[in-house]
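Single-structure report; data block below.
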Amino acid sequence: MRETQPVLFDPNIQAWHIFRYDDVLRVLSDHATFSSDESSFLPPEYRNATPISSSMLRMDPPRHRKLRNLVSLAFTPRMVAHMESRIQEITNGLLDQVLASGEMDVIRDLAYPLPITVIAEILGVPAERREEFKQWSDASVGGEAESTPEETQAIMQAMDSMKAYFNEVFEERRAHPQNDLVSALLQAEVDGERLSNEELLGFCVLLLVAGNETTTNLIGNTILCLDEHPEAVERLRANRELVPGALEEALRYYSPIKLTIRGTTTETMIGDQRIEAGKLLFAWIASADRDEAQFPDASQFNIEREPNRHLGFGRGVHFCLGAPLARLEAKIALNTMLDRLPGSWHVSDAPLSPIKSSSVFGVKQLPL
Ligand code: HEM
């Protein structure tokens, strides 16, 4: 598609697909022309469908900048570095269980529980509600077009119980502030106003959706890449300084987020195509990151690729807020696996089931 139809209109969904690196980069970087606000690209009946709709992911500057400045206090690289010892502790505990049981599914035993435990702690969810929290997290990323009515019903119920839970927490922390993210958000002001319950909920759900499955898939997809390139595991064992580069390459090669959406605020040209105002755009990150014009030998997995300006965390004002946290979790997960699981790794030969999603790339199980 990048060669023959890099900017393609799909009449069935009335949306444009953008496939080349330079074009995707432009769409992500020019927020004035390519808006993240649902009102610029969704018909009224589809807007505000989930709490994410009222999160900063679906806002444009200037309001986006104000909200982002506020919540980014919790995600500075320094704050994240402080969490290193706790992430290591959680990872060690998970790998202790793996070694005791003698078998490992990378997703079930490490890549899934690690980020959800970390984010639950950041949000101050008590240990006894972690199981429910997992169900809400799964529900927040569910809801694909092919979901059955029963699945949709279960998702709606989980979302309602999550909303009720967070509303309780907001009331509780308003009355008795603690030293946690929710209390900080409740006290923070944007333009002299406190955040509404809806905005607070949007942010908490955004952290769940944006931060959990993506990090799970970064860890899982990295293991997939290494399974396909066993010589890379040997090089990583010999030189741990190559680990961060290997993770960046996994983000490029098997991007956990395949695409993101924007809407045109004004008529514009992309390549030789004229796109009207108010059109929905799919910016294909996974395609951009395999563009030969940007990445020589793009279909080769090269842990020493330099430079590697992949778009796996997006670009521009919405650049992933959790990137330092995701990088740290994945680095600790991979380094600890290299430390504690010696010898060669081999993913089971049984066929893997991909996650059913148009925007997320990963597998459901990964037996090692
Ligand atoms: C935004 C990817 C982990 C929080 C984004 C965007 C991408 C992305 C592509 C931009 C979306 C757009 O422009 O429309 C990823 C990947 C991750 C990851 C691949 C893991 C490997 C995390 C984590 C958190 C997080 C761990 C937090 C706990 C966010 C937030 C935004 C965001 C809050 C919205 C930022 C804004 O609108 O300004 N992420 N993410 N992400 N991500 Fe991540």
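Residue numbers start at 1 in each chain; chains themselves are named A, B, ... in the order of the structure tokens; ligands are numbered from 1 in the order shown.
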Just the residues within 12 Å of Ala210 (chain A), please, counting only C-alpha atoms, with nothing from its chain fewer than 2 positions along; format it as a PyMOL selection string.
-> chain A and resi 52+55-57+115-116+119+137-138+140-141+202-208+212-217+256-257+260+313+318-323+325-326+359-360
Restrict the selected residues to N, CA and C atoms and save them as a compact mmCIF listing (two decimals), in the first residue's frame.
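As a result, result.txt now contains:
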```txt
# COMPACT_ATOMS: atom_id res chain seq x y z
N ILE A 52 -12.90 7.36 27.72
CA ILE A 52 -11.73 7.87 27.00
C ILE A 52 -12.08 9.13 26.21
N SER A 55 -11.14 12.15 27.81
CA SER A 55 -9.76 12.22 28.29
C SER A 55 -8.93 13.11 27.37
N MET A 56 -7.70 13.41 27.80
CA MET A 56 -6.87 14.31 27.00
C MET A 56 -6.47 13.71 25.65
N LEU A 57 -6.55 12.37 25.54
CA LEU A 57 -6.23 11.73 24.25
C LEU A 57 -7.15 12.26 23.16
N PRO A 115 2.41 -4.85 34.25
CA PRO A 115 1.91 -3.47 34.13
C PRO A 115 0.63 -3.21 34.90
N ILE A 116 -0.23 -4.22 35.03
CA ILE A 116 -1.49 -3.95 35.74
C ILE A 116 -1.25 -3.77 37.23
N ILE A 119 0.21 -0.17 37.56
CA ILE A 119 -0.76 0.93 37.39
C ILE A 119 -1.77 0.94 38.53
N SER A 137 -10.04 -3.45 33.56
CA SER A 137 -9.01 -3.13 32.59
C SER A 137 -9.26 -3.88 31.28
N ASP A 138 -9.58 -5.17 31.40
CA ASP A 138 -9.85 -5.96 30.20
C ASP A 138 -11.07 -5.41 29.48
N SER A 140 -12.17 -2.39 29.47
CA SER A 140 -11.89 -1.08 28.85
C SER A 140 -11.26 -1.21 27.48
N VAL A 141 -10.56 -2.32 27.25
CA VAL A 141 -9.94 -2.48 25.93
C VAL A 141 -10.77 -3.38 25.03
N GLY A 202 -12.07 9.84 33.04
CA GLY A 202 -11.46 9.69 31.72
C GLY A 202 -9.98 9.44 31.85
N PHE A 203 -9.33 10.16 32.74
CA PHE A 203 -7.89 10.00 32.88
C PHE A 203 -7.53 8.63 33.48
N CYS A 204 -8.29 8.23 34.52
CA CYS A 204 -8.00 6.92 35.14
C CYS A 204 -8.20 5.80 34.11
N VAL A 205 -9.28 5.88 33.34
CA VAL A 205 -9.52 4.83 32.33
C VAL A 205 -8.46 4.90 31.24
N LEU A 206 -8.05 6.13 30.88
CA LEU A 206 -7.01 6.27 29.86
C LEU A 206 -5.73 5.57 30.32
N LEU A 207 -5.39 5.73 31.59
CA LEU A 207 -4.18 5.06 32.10
C LEU A 207 -4.33 3.54 31.99
N LEU A 208 -5.53 3.06 32.30
CA LEU A 208 -5.77 1.62 32.20
C LEU A 208 -5.63 1.13 30.77
N ASN A 212 -1.87 -0.53 29.93
CA ASN A 212 -1.75 -1.93 30.30
C ASN A 212 -1.50 -2.85 29.13
N GLU A 213 -2.49 -2.90 28.24
CA GLU A 213 -2.37 -3.88 27.16
C GLU A 213 -1.17 -3.55 26.27
N THR A 214 -0.90 -2.24 26.12
CA THR A 214 0.23 -1.84 25.28
C THR A 214 1.55 -2.38 25.85
N THR A 215 1.73 -2.22 27.16
CA THR A 215 2.99 -2.67 27.76
C THR A 215 3.07 -4.19 27.76
N THR A 216 1.92 -4.83 28.02
CA THR A 216 1.87 -6.30 27.92
C THR A 216 2.36 -6.72 26.54
N ASN A 217 1.84 -6.04 25.52
CA ASN A 217 2.19 -6.44 24.15
C ASN A 217 3.62 -6.07 23.79
N PRO A 256 2.98 -2.33 19.24
CA PRO A 256 1.78 -2.72 19.99
C PRO A 256 0.53 -1.94 19.55
N ILE A 257 0.72 -0.68 19.11
CA ILE A 257 -0.40 0.11 18.59
C ILE A 257 -0.24 0.19 17.08
N THR A 260 -3.60 5.04 14.91
CA THR A 260 -4.34 5.99 15.74
C THR A 260 -5.22 6.84 14.82
N PHE A 313 5.37 5.16 19.91
CA PHE A 313 4.77 5.94 21.01
C PHE A 313 4.08 7.19 20.48
N HIS A 318 0.54 14.59 21.53
CA HIS A 318 -0.01 13.41 22.22
C HIS A 318 1.04 12.32 22.42
N PHE A 319 2.32 12.64 22.20
CA PHE A 319 3.37 11.62 22.39
C PHE A 319 3.12 10.92 23.73
N CYS A 320 3.24 9.60 23.70
CA CYS A 320 2.86 8.77 24.85
C CYS A 320 3.43 9.29 26.17
N LEU A 321 2.52 9.58 27.07
CA LEU A 321 2.91 10.08 28.39
C LEU A 321 3.59 8.98 29.21
N GLY A 322 3.22 7.75 28.93
CA GLY A 322 3.73 6.64 29.73
C GLY A 322 4.98 6.00 29.15
N ALA A 323 5.57 6.62 28.10
CA ALA A 323 6.72 5.98 27.45
C ALA A 323 7.86 5.65 28.44
N LEU A 325 7.70 4.97 31.56
CA LEU A 325 7.26 3.85 32.41
C LEU A 325 7.26 2.54 31.62
N ALA A 326 6.72 2.58 30.40
CA ALA A 326 6.66 1.37 29.58
C ALA A 326 8.07 0.87 29.27
N SER A 359 -6.69 -2.08 16.27
CA SER A 359 -5.65 -1.10 16.61
C SER A 359 -4.51 -1.66 17.46
N VAL A 360 -4.70 -2.87 18.02
CA VAL A 360 -3.68 -3.41 18.94
C VAL A 360 -3.04 -4.63 18.29
```
Assign secondary structure with DSSP using the backbone only, and return the residues of region 39-156 of chain A in helix (DSSP H, G or I) as a ChimeraX atom specification.
-> /A:39-40,44-46,51-54,56-58,63-75,77-82,84-101,106-111,113-123,127-141,149-156
Looking at only C-alpha atoms and all ligand atoms, which of A:Leu28, A:Val347, A:Leu73, A:Ile87 is the one that sits closest to ligand 1?
-> A:Leu28
Within 10 Å of Val233 (chain A) using only C-alpha atoms, minus same-chain residues under 3 positions, as a PyMOL selection string | chain A and resi 223+225-227+229-230+236-239+243+246+338+343-345
Nearby residues (only C-alpha atoms) at most 9 Å from Val118 (chain A), same-chain spacing under 6 positions excluded, as a list of chain:residue names |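 The filter keeps A:Met83, A:Arg86, A:Ile87, A:Ile90, A:Glu329.
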Phe361 (chain A): which residues within 12 Å, counting only C-alpha atoms, same-chain residues fewer than 6 positions away excluded, as an MDAnalysis selection string?
-> chainID A and resid 213:222 224 250:259 285:286 312 353:355
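Of the listed residues A:Leu42, A:Leu195, A:Ile122, A:Ile303, the one whose atoms come nearest to ligand 1 is A:Ile122, with distances taken using only C-alpha atoms and all ligand atoms.
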What does the distance from CA of Asn302 (chain A) to CA of His346 (chain A) come to in Å, to one decimal?
->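 Calculated distance between CA of Asn302 (chain A) and CA of His346 (chain A) is 19.2 Å.
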List the neighbours of Ala32 (chain A) out to 12 Å using only C-alpha atoms; skip same-chain residues closer than 2 positions along the sequence, and give me the result as a list of chain:residue names.
->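 The residues that qualify are A:Arg26, A:Val27, A:Leu28, A:Ser29, A:Asp30, A:Phe34, A:Ser35, A:Ser36, A:Asp37, A:Ser40, A:Met59, A:Asp60, A:Pro61, A:Pro62, A:Arg262, A:Gly263, A:Thr264, A:Thr265, A:Thr266, A:Glu267, A:Thr268, A:Ala277, A:Gly316, A:Val317.
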Write the residues of the selection above to a file with N, CA and C atoms, as a CSV table (one decimal), in the first residue's frame.
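And here's result-v8.csv as it stands now:
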```csv
chain,number,residue,atom,x,y,z
A,26,ARG,N,3.5,13.6,9.7
A,26,ARG,CA,2.8,14.9,9.6
A,26,ARG,C,1.4,15.0,10.3
A,27,VAL,N,0.7,13.9,10.1
A,27,VAL,CA,-0.7,13.8,10.7
A,27,VAL,C,-0.5,13.9,12.2
A,28,LEU,N,0.5,13.2,12.8
A,28,LEU,CA,0.6,13.2,14.2
A,28,LEU,C,1.2,14.6,14.8
A,29,SER,N,2.0,15.2,13.9
A,29,SER,CA,2.7,16.4,14.4
A,29,SER,C,1.8,17.7,14.2
A,30,ASP,N,0.9,17.7,13.2
A,30,ASP,CA,0.2,19.0,12.9
A,30,ASP,C,-1.2,18.9,13.5
A,34,PHE,N,-4.9,18.2,11.9
A,34,PHE,CA,-5.4,16.9,12.2
A,34,PHE,C,-5.7,16.8,13.7
A,35,SER,N,-7.0,16.9,14.0
A,35,SER,CA,-7.5,17.1,15.3
A,35,SER,C,-7.7,15.7,16.0
A,36,SER,N,-7.6,15.7,17.3
A,36,SER,CA,-7.9,14.5,18.1
A,36,SER,C,-9.3,14.6,18.7
A,37,ASP,N,-10.0,15.7,18.6
A,37,ASP,CA,-11.3,15.9,19.2
A,37,ASP,C,-12.3,15.1,18.4
A,40,SER,N,-14.5,16.5,15.6
A,40,SER,CA,-14.0,16.9,14.3
A,40,SER,C,-14.1,15.7,13.3
A,59,MET,N,-8.5,15.4,23.1
A,59,MET,CA,-8.6,16.9,23.2
A,59,MET,C,-7.5,17.5,22.3
A,60,ASP,N,-7.7,18.7,21.9
A,60,ASP,CA,-6.7,19.5,21.2
A,60,ASP,C,-6.2,20.6,22.1
A,61,PRO,N,-5.0,21.2,21.8
A,61,PRO,CA,-4.6,22.3,22.5
A,61,PRO,C,-5.6,23.5,22.3
A,62,PRO,N,-5.8,24.4,23.2
A,62,PRO,CA,-4.9,24.6,24.4
A,62,PRO,C,-5.4,23.7,25.6
A,262,ARG,N,-7.4,10.5,13.7
A,262,ARG,CA,-7.5,11.9,13.7
A,262,ARG,C,-8.6,12.4,12.8
A,263,GLY,N,-9.0,13.7,12.9
A,263,GLY,CA,-10.0,14.2,11.9
A,263,GLY,C,-9.5,15.5,11.3
A,264,THR,N,-9.8,15.7,10.0
A,264,THR,CA,-9.3,17.0,9.4
A,264,THR,C,-10.1,18.2,9.8
A,265,THR,N,-9.5,19.2,10.2
A,265,THR,CA,-10.2,20.5,10.6
A,265,THR,C,-10.5,21.3,9.4
A,266,THR,N,-9.7,21.1,8.3
A,266,THR,CA,-9.8,21.9,7.2
A,266,THR,C,-9.4,21.1,6.0
A,267,GLU,N,-9.7,21.5,4.8
A,267,GLU,CA,-9.3,20.8,3.6
A,267,GLU,C,-7.8,20.8,3.5
A,268,THR,N,-7.2,19.6,3.1
A,268,THR,CA,-5.8,19.5,3.0
A,268,THR,C,-5.4,18.5,2.0
A,277,ALA,N,-12.4,18.8,4.8
A,277,ALA,CA,-12.5,19.0,6.2
A,277,ALA,C,-13.5,18.0,6.8
A,316,GLY,N,4.4,14.3,18.5
A,316,GLY,CA,3.7,15.6,18.6
A,316,GLY,C,3.1,15.7,20.0
A,317,VAL,N,2.0,16.5,20.1
A,317,VAL,CA,1.5,16.8,21.5
A,317,VAL,C,1.0,15.6,22.2
```
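Those residues in region 11-249 of chain A carrying a DSSP assignment of strand (DSSP E), computed from the backbone, are A:Ala15, A:Trp16, A:His17, A:Ile18, A:Phe34, A:Ser35, A:Glu189, A:Val190, A:Glu193, A:Arg194.
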